[in-house]
Each structure stands twice: as C-alpha cells, then as structure tokens.
Amino acid sequence: MPPRLNVLSLARTIPYRPKAQAQWLSRPTMRLAPTQTRAYSDAKSEDKVPAADRSKRIDAKPLGHVSEEASQMADITGGEGPDLSQGTPVQDIVKGDKKAQEKLPKVMQEQLKSNASSAPKGSRSYSTTTTPIGGGSGAFDMGLMSFTSPPVEAVPAAPGLKFEMPVLPLPKDGHVKHRYDPVVDQVTNLLMRHGKKSVAQRNMALILQQLRTASVPTINPQRPLLPGAPPPSHLPLNPVLYLTLAIDSVSPLLRIRSQKGAAGGGVALQIPVPLGQRQRRRIAIQWILGAASKRKTNTSGKTGYAQRVASELIAVIEGRSSVWERRNMVHKLGISARANIVLPRKR
Amino acid sequence: MPPSTCLRSFSQLSLDSTARASMASRIRLHPQMAYFSTSAARYANPVSKKKGMAQAAKKGTRTLNVKKGRSSTQDTGKRPAQGERKAARKRIVLTNDNALEVASLKDITKADALSEANQGRVLGIPEATVDALRAVEAFKTTQGWSLFRRPATLIRKETIELAKVMKAAEDQRKTLRRILSGERLSGKSTLLLQGLSMAFVREWVVINLPEAQDIINAHTEYAPLLDSQPMQYTQETYTASLLSQILKANNTAENPMLEKIKVTTNPVLPLTLPTDATLKQLIELGIVNPEASWPVFVALWQELTQPGRPPIMLAVDGTAHMMKESDYLNAEVKPIHSFDLTIIRHFVDHLSGTKSLPNGGVILAATSQSNAPSTPALDFSVQVAEARQADPSKTPRWNPYKNIDPRVMEALKDLHSPTAKEEVKPLDVIKVGGLSKDEARSIMEYYAESGMLRAKIDDGFVTEKWSLAGMGNIGELERASVRLRI
C-alpha cells in the first residue's frame, strides 16, 4: 500500500522570515539610585550608630560583628584582638554561616569551595597513609648521625667489673638478633628460596648496589611518596632508605578478609582488616618481588634477579610500577567494604 | 607419483618393443585396465606425518593454548640480541655519578709513583692510565670500581714492596720476577693492577696477559709452529688480539712510544715491512694478518730488547692455569702442555729466568684463589718461598704422594730452591696479606668521603670492621663496609 499522502506536510521548503524584533539594548531596566543606607563600616564615631541600636537595654542591643565580638572576647581574656580600625573581610563574616554563604557572589563561593578541600585535585579527601609509629621525623632512619658523642654521665665505678659499664641507650645494632636494618632483614628473608639465606643476602647486597649506582629517580607527583621523604637526589647515597621508602610508600593499609557465610546465601562477606607495619611491608615486598619476577632478564649470570628487583624498586619510586595500581585497588575495595564492619556493641 | 617408479615403467615399455604389436589389441580388449603403473595404488595413502613432528611454534608467536593451569599471557617481547646479555655481564663500569667527588684525592704522578712516602694513602689513577689499563683488561668485573666517582687505589705495604722492586729494576736494569700470592679477596689482582698502573705512569712497555685461562682453554685456534723442537703451537687469533691490546695501551696520545721507535733489526717476516717502519706499523701488520702475528710478536720483542729501550712489565693473572697441561690436543690426541704454547712459553721463559730483559723490567704473575686448578708444583713452590720469608729454617717438604709436574718444578726452581745470594732476589713471592689498621682507616675514610659509607670513622668502627674482615682482608673489608653484604 502506498503511503498515505500527508496533506499537512509541505512539498518543498518555504522560506519563512520571522517578524523583526526590537533590538535588544544592553541597558538596565531599572536605574540604580545612589543608596540611602549606610553600612557599619561607614560609621566614623560611636554616636553615629544605626537607628536600631538606640535601645538602652543591654540585652536588646544587637551583637557586634565578628571582629568586634573577637575584640571584646580578647578584652575579657586579656589578649589582643583584631584591629578594629581595619574592615572585617566578608569571608570572616560568613564563616560558618551556610545561609549567608549561599548569598555570596559566585567568585567568592568558588574560592570558598577550593579552600575547603586543601588536598590537590584528583586526590582523596581522606588519607591513605598512616602516621608512622614514633611520629614526625622519627619516621625514617635517614642514616644521619651526630658527630658529637653523647655526654658521658659519671657512672659510679662498680667494683668487680672487668670492662666499663655500657653507655645507655644501647646502640641500635647492639642486639645480636636485631643488628641489621629491619627492612633489609625482612626483604632478605622474603628473597630467600629453599632456605638459601646466603644467596638471598648476596642478592640483597646486589640490589642495594644497583640502587646506589642507578641514576637519581624522578618523582611522579601523581604518585606521592610518604610525607617526610628526602629529596630524590639523596636516595642513591642511602640505599637502605631508598628501599624502605619504596616499600613503605606502596604498602597497603589493610587487607580484605572474606568471611564465609556472613553475608548469607553462600556469599562471602568482605571485611577490611587493618594491618600492622611489618605485615604491610610484607605485602608490599611480595608485590614488588612478584612484579620483578615478571620482568625480562637483561643479563646472564647471578645478578639477573637482583637487577630486576632493583629496577622494580626504582619503578615504584618513580611511580611507574603496577604495584601502585594494586595498592589503590585494595584501598578502593576496602572503602567500599567499610559498611561490612560490625563494631562490637557498647555495653 | 615418485619419479623413479615412472621412469622404470617407461623404460620397461621401451625395452619390451616386441610386445608392442599385441599391445594395441590388449588395450582394445581391456580399456579400463590400468597397467601403465602400479605406483598410484602403492602411494594412494601416503603416511601422514605425525602431529608432533610439525615445526615447533616460533618464540613469541601466539598459539592456541586451552590447557588448564597454563598462564594465558605469553611474553611476546623482544628477546635480547645474541651476545647482548654476556656483554652486559662483562661490562666494566669505572664511574658512579651518584658518588661524591673526593676533594683530597690526588693522582699518581710520574715523579713519586715509586716513592715510599705514599704508603697508606689513597691515590687516584690518572685518566690516560685508566684508558690504558682498560685496554689491557686489568679491571675485573668483581672489583668495586663501579661504586666510586673514579678509580683510586690504596697504596699499601705490598704496593710499596712492589714499587721498590720496580725501582730496582729500573735503576739497575735488572730482570726481577715476582709471584703474587695470598688469600682469597686479599687484593692480588688489584696489586697487579697497581703494578701495571705504576709501569704505565713510569712509561714502561706493558704487556699483560689478562687471564691465563683464556690462553689454555682451547677456545682459540692453534697451529704447530714450523721447525720447532719439541713441537710448539702458536695461537694466531689470540696473538693478534694481544698485539692490538699492546698497541692500544702503549701508544696513547700522551705517550706515543711505539710510534717513535723505529725498527732497527731486520726481522724475518712472512710479509714485507716498509723500510724505515716504526714499531706501530710492525704491530699493525700483525693485527691485520693474524697468520703473521707470532713472527710479528717475536720481532716486536726483539725490538723492545734492543739497548736504549724502556723497561718492560710483563704480567699475567691466574697463573695456576698455565702451570698444567692445556686443553689443546696434539696430532696424537694427547694433551699439549701449556709450556708448549708459544705465548706461555715466552712468559715462562722469562719467569723462570732462562731469558732476561736487557733493559730491565719486572715479570709479575698473580695467582688466584677463586678460579684455580690444582697445581701442586706451583702451590708447593709458593709455600716454600712464603715459609722462607717467615723463617728460613722451617720450610715445608714435598709431599711424595702428590702428582708432580716436572716441567713446572724445573721452571720454578729459583722459587723453591734458590741459589742466588743477593738481597733483592730475582724470583720471589709477594705475600698479599691483610691491611694494617692505619691502612684500613685510610681506605674507610675514602669510602666515607665518597658517600658510600655512612658512618663515623673512629677507632672503634675501624677495629670492628677490620676484625670482621678477617684481620684486614681488603676484599672482605669492602664487603662489610661499602657493599652492605651482610
């Protein structure tokens, strides 16, 4: 059947010119008259307060603005308040006042927003690092040492001692079982295969030697290392710190424990579990070693594996390693599984 | 159809010409009969090849692999080129850009290279000498050059001992021979390197056989030397490469020694040498024509031993390898003794003292403890010499149950039963022992200044590392302090 002829449709386009409108003028519709009101900031003297403040009762008087309030408080506490001769910035006035903030101009609103999240764009508002145990500058062993020997306290000469009393505190490597750096020790043990510790130790020494002779790493700002890390030019001269920084920077904060039956229906419930420092390092080292063993060998001989591990460590510091993705994945999963945590009821 | 069967059928047809007349009638009678060949039936079902016999898949190509448990991802990356991995393993790195420059480091100079005042100091090796040492393959991959800004060595007690020997050889035009012995990692090869660098700085002619094992392990071609009794064997390729090393090391821009010296004797060569030729041209002739390399080497030696020429330093590392039978076989399929290879014969003749250097010089032979075949004769000779240095009355006796190599005993006669009564013995052992604590402190301060050792160098620290290193064994000291080898 032939299609029905649509009478309403036009067989050809008809030129259609709409009626010419009056040209839009960039002219305000309402004329702005000079404002009749005066702001507080215009007040030059005490007697020129606005009409509303003429009440004699103290409780009926309006509160002073932010700066005045602060200066009054300072008067009471005996400190130094803000300078009242200066105007109060609008940002201070609307601070903590959500409704007032909505009325602000767009520029200032955006500025407020950008100030609210001080973290750089593209990063999370929550932290994905931990405060190291010991805190602050004690986070890394920078390998620094004081060249002034500690003042020796006058130790009373105890009779019957063959040698002098030891100076306290005992040196870090004073204990025979903890004489080496803990990270180096842990990596050596994880490098070990078939109980061959001396092979692992040789590999460890070769790794550190590689880190020492490789060129200075370039840090990728997208993959920030631990806060408080030394500048990259310092790293090759301190290979143990280099190793520690690489491992601690990619170590995950948590692991996902799959609890069977907790979700019902045969589905395992995924619960994030926080890890201790040694556990976190262990996971990071295993990731790094796994990634290194997937690399291609470029040399023959005994140094091959050590070279691969060293280049993986450098890749971690430079942010090129796939280990970073792994860490991010674990953290992402951990965040989504936060809801599964059941805290014990308080009694 | 295989062609042989067809041809045979054709030939049978042609031979059977008498039957040709009756053939036409037969064809007419049995037109469907295939009597021409039976091969079609015979080869109807050719035996197909076994599946496994198919050519193996090339490396890097993707193949269908549905088996469980196999990793699905195959490494399709480019394989390293032939020899690339070995080159990376053998590469010698002499600089570390991360290491700090040591401001107080001075170079060895020609004036005080052999002076005793340097003992206990760390001295740098000048750049030109480094190039020359690299040319003669004096640097080893196992040594720690790659950790520091530039090559520098500690002038230790044994170095001074060697310097004295070199001074005596230079001043009195003597031929002095020394064997470097000592424990593993005690610095024998480094002492050899120091001897070579002192010789380069003093503008001697240096000929170094970097590793004796490479000469005797039958990796290069060999040929009997004509008119030699007993039969000797030349190694043309090896000799040619040795000549190129000699040229590169001794004819540097600073000291173009070989260019200056003219050929004065009239050497018998299989190739013609231009008149008024220099030693450089002579050597180049041997490099370009390996078949003439041995006569060129002999002619070169003849030239260098003419009066008025500089002293000679002749050195070898891994001596034990040349004190036994080589891996080469003669025409009777018996092993050739190393002393019958011309290069080694040349060296051993000088080491044993049958030939001497008229312009003076030093023959140095470093032993090795990590790569050494058992050579009872050499071991015994060295033991006797070491014991005599300690206490002349107590020298060990030969163990009669050990297999003696009479040729080696004969060559090292001056070592185990010396006759010379001079103060400076012509053939002796330099026992490379441990560092003293002062020397250890000096080298550790150098480590710390280079930024490779992060520690306060005080007496306690030095003593601790010195003891850990087995009473100052320098290799162990380096391991314990800079290499971070636990």
# chains A, B, ... in the order shown; residues from 1 in each chain; ligands from 1
$ interface_residues --of "chain B" --to "chain A" --cutoff "8 Å" --atoms "only C-alpha atoms" --output "ChimeraX atom specification"
/B:80,84-86,88-89,96-99,146-147,451-452,454-456,483-486
$ write_last_selection --atoms "C-alpha atoms" --output "CSV table (one decimal), in the first residue's frame"
chain,number,residue,atom,x,y,z
B,80,PRO,CA,67.9,-9.7,23.8
B,84,GLU,CA,74.0,-8.8,24.5
B,85,ARG,CA,73.4,-10.4,27.9
B,86,LYS,CA,77.0,-11.6,28.1
B,88,ALA,CA,76.1,-6.7,30.0
B,89,ARG,CA,77.6,-9.2,32.4
B,96,ASN,CA,79.4,6.2,39.7
B,97,ASP,CA,77.7,9.5,39.1
B,98,ASN,CA,76.0,9.4,42.5
B,99,ALA,CA,79.2,9.1,44.4
B,146,SER,CA,81.6,0.9,39.8
B,147,LEU,CA,80.9,2.4,43.3
B,451,GLY,CA,79.5,8.9,50.4
B,452,MET,CA,79.4,5.2,50.1
B,454,ARG,CA,77.6,6.3,56.2
B,455,ALA,CA,79.4,6.0,59.5
B,456,LYS,CA,81.6,7.9,61.8
B,483,ARG,CA,78.9,-3.4,49.7
B,484,LEU,CA,76.4,-3.8,52.5
B,485,ARG,CA,77.0,-7.5,52.2
B,486,ILE,CA,75.7,-9.0,55.4
$ residues_around --residues "segment 195-208 of chain B" --least-positions-apart "3" --cutoff "8 Å" --atoms "only C-alpha atoms" --output "count of residues only"
28
$ residues_around --residues "Ser322 of chain A" --least-positions-apart "5" --cutoff "9 Å" --atoms "only C-alpha atoms" --output "PyMOL selection string"
chain A and resi 288+291+315-316+327
$ write_last_selection --atoms "N, CA, C and O atoms" --output "PDB file, in the first residue's frame"
ATOM      1  N   ILE A 288      56.164  -6.383  45.074  1.00  0.00           N
ATOM      2  CA  ILE A 288      57.319  -5.897  44.303  1.00  0.00           C
ATOM      3  C   ILE A 288      58.102  -7.078  43.726  1.00  0.00           C
ATOM      4  O   ILE A 288      58.476  -7.077  42.549  1.00  0.00           O
ATOM      5  N   ALA A 291      56.190  -8.572  40.840  1.00  0.00           N
ATOM      6  CA  ALA A 291      56.302  -7.752  39.632  1.00  0.00           C
ATOM      7  C   ALA A 291      57.703  -7.879  39.027  1.00  0.00           C
ATOM      8  O   ALA A 291      57.866  -7.863  37.807  1.00  0.00           O
ATOM      9  N   ALA A 315      61.194   1.717  39.750  1.00  0.00           N
ATOM     10  CA  ALA A 315      59.914   1.995  39.098  1.00  0.00           C
ATOM     11  C   ALA A 315      58.860   2.390  40.131  1.00  0.00           C
ATOM     12  O   ALA A 315      57.998   3.235  39.870  1.00  0.00           O
ATOM     13  N   VAL A 316      58.916   1.787  41.303  1.00  0.00           N
ATOM     14  CA  VAL A 316      57.967   2.135  42.370  1.00  0.00           C
ATOM     15  C   VAL A 316      58.183   3.585  42.793  1.00  0.00           C
ATOM     16  O   VAL A 316      57.238   4.369  42.894  1.00  0.00           O
ATOM     17  N   ARG A 327      47.788  -1.417  45.005  1.00  0.00           N
ATOM     18  CA  ARG A 327      47.528  -0.809  46.299  1.00  0.00           C
ATOM     19  C   ARG A 327      46.230  -0.006  46.228  1.00  0.00           C
ATOM     20  O   ARG A 327      45.385  -0.100  47.121  1.00  0.00           O
TER      21      ARG A 327
END
$ closest_residue --among "B:Ile179, B:Gln194, B:Thr95, B:Ala212" --to "Asp414 of chain B" --atoms "only C-alpha atoms"
B:Ile179
$ residues_around --residues "His346 of chain B" --least-positions-apart "6" --cutoff "12 Å" --atoms "only C-alpha atoms" --output "PyMOL selection string"
chain B and resi 207+209+232-234+239+294+297-298+301+314-316+322+338-340+352-356+363
$ atom_distance --atom1 "atom CA of Met257 of chain B" --atom2 "atom CA of Gln281 of chain B"
12.4 Å
$ closest_residue --among "B:Leu273, B:Ile474, B:Ala169, B:Val333" --to "Gly182 of chain B" --atoms "only C-alpha atoms"
B:Ile474
$ residues_around --residues "Leu226 of chain A" --least-positions-apart "4" --cutoff "9 Å" --atoms "only C-alpha atoms" --output "list in words"
Thr129, Leu245, Ala246, Asp248, Ser249 and Val250 of chain A
$ select_by_dssp --residues "segment 326-475 of chain B" --states "alpha helix (DSSP H)" --output "PyMOL selection string"
chain B and resi 342-352+376-390+406-411+413-416+437-449+459-468+474-475
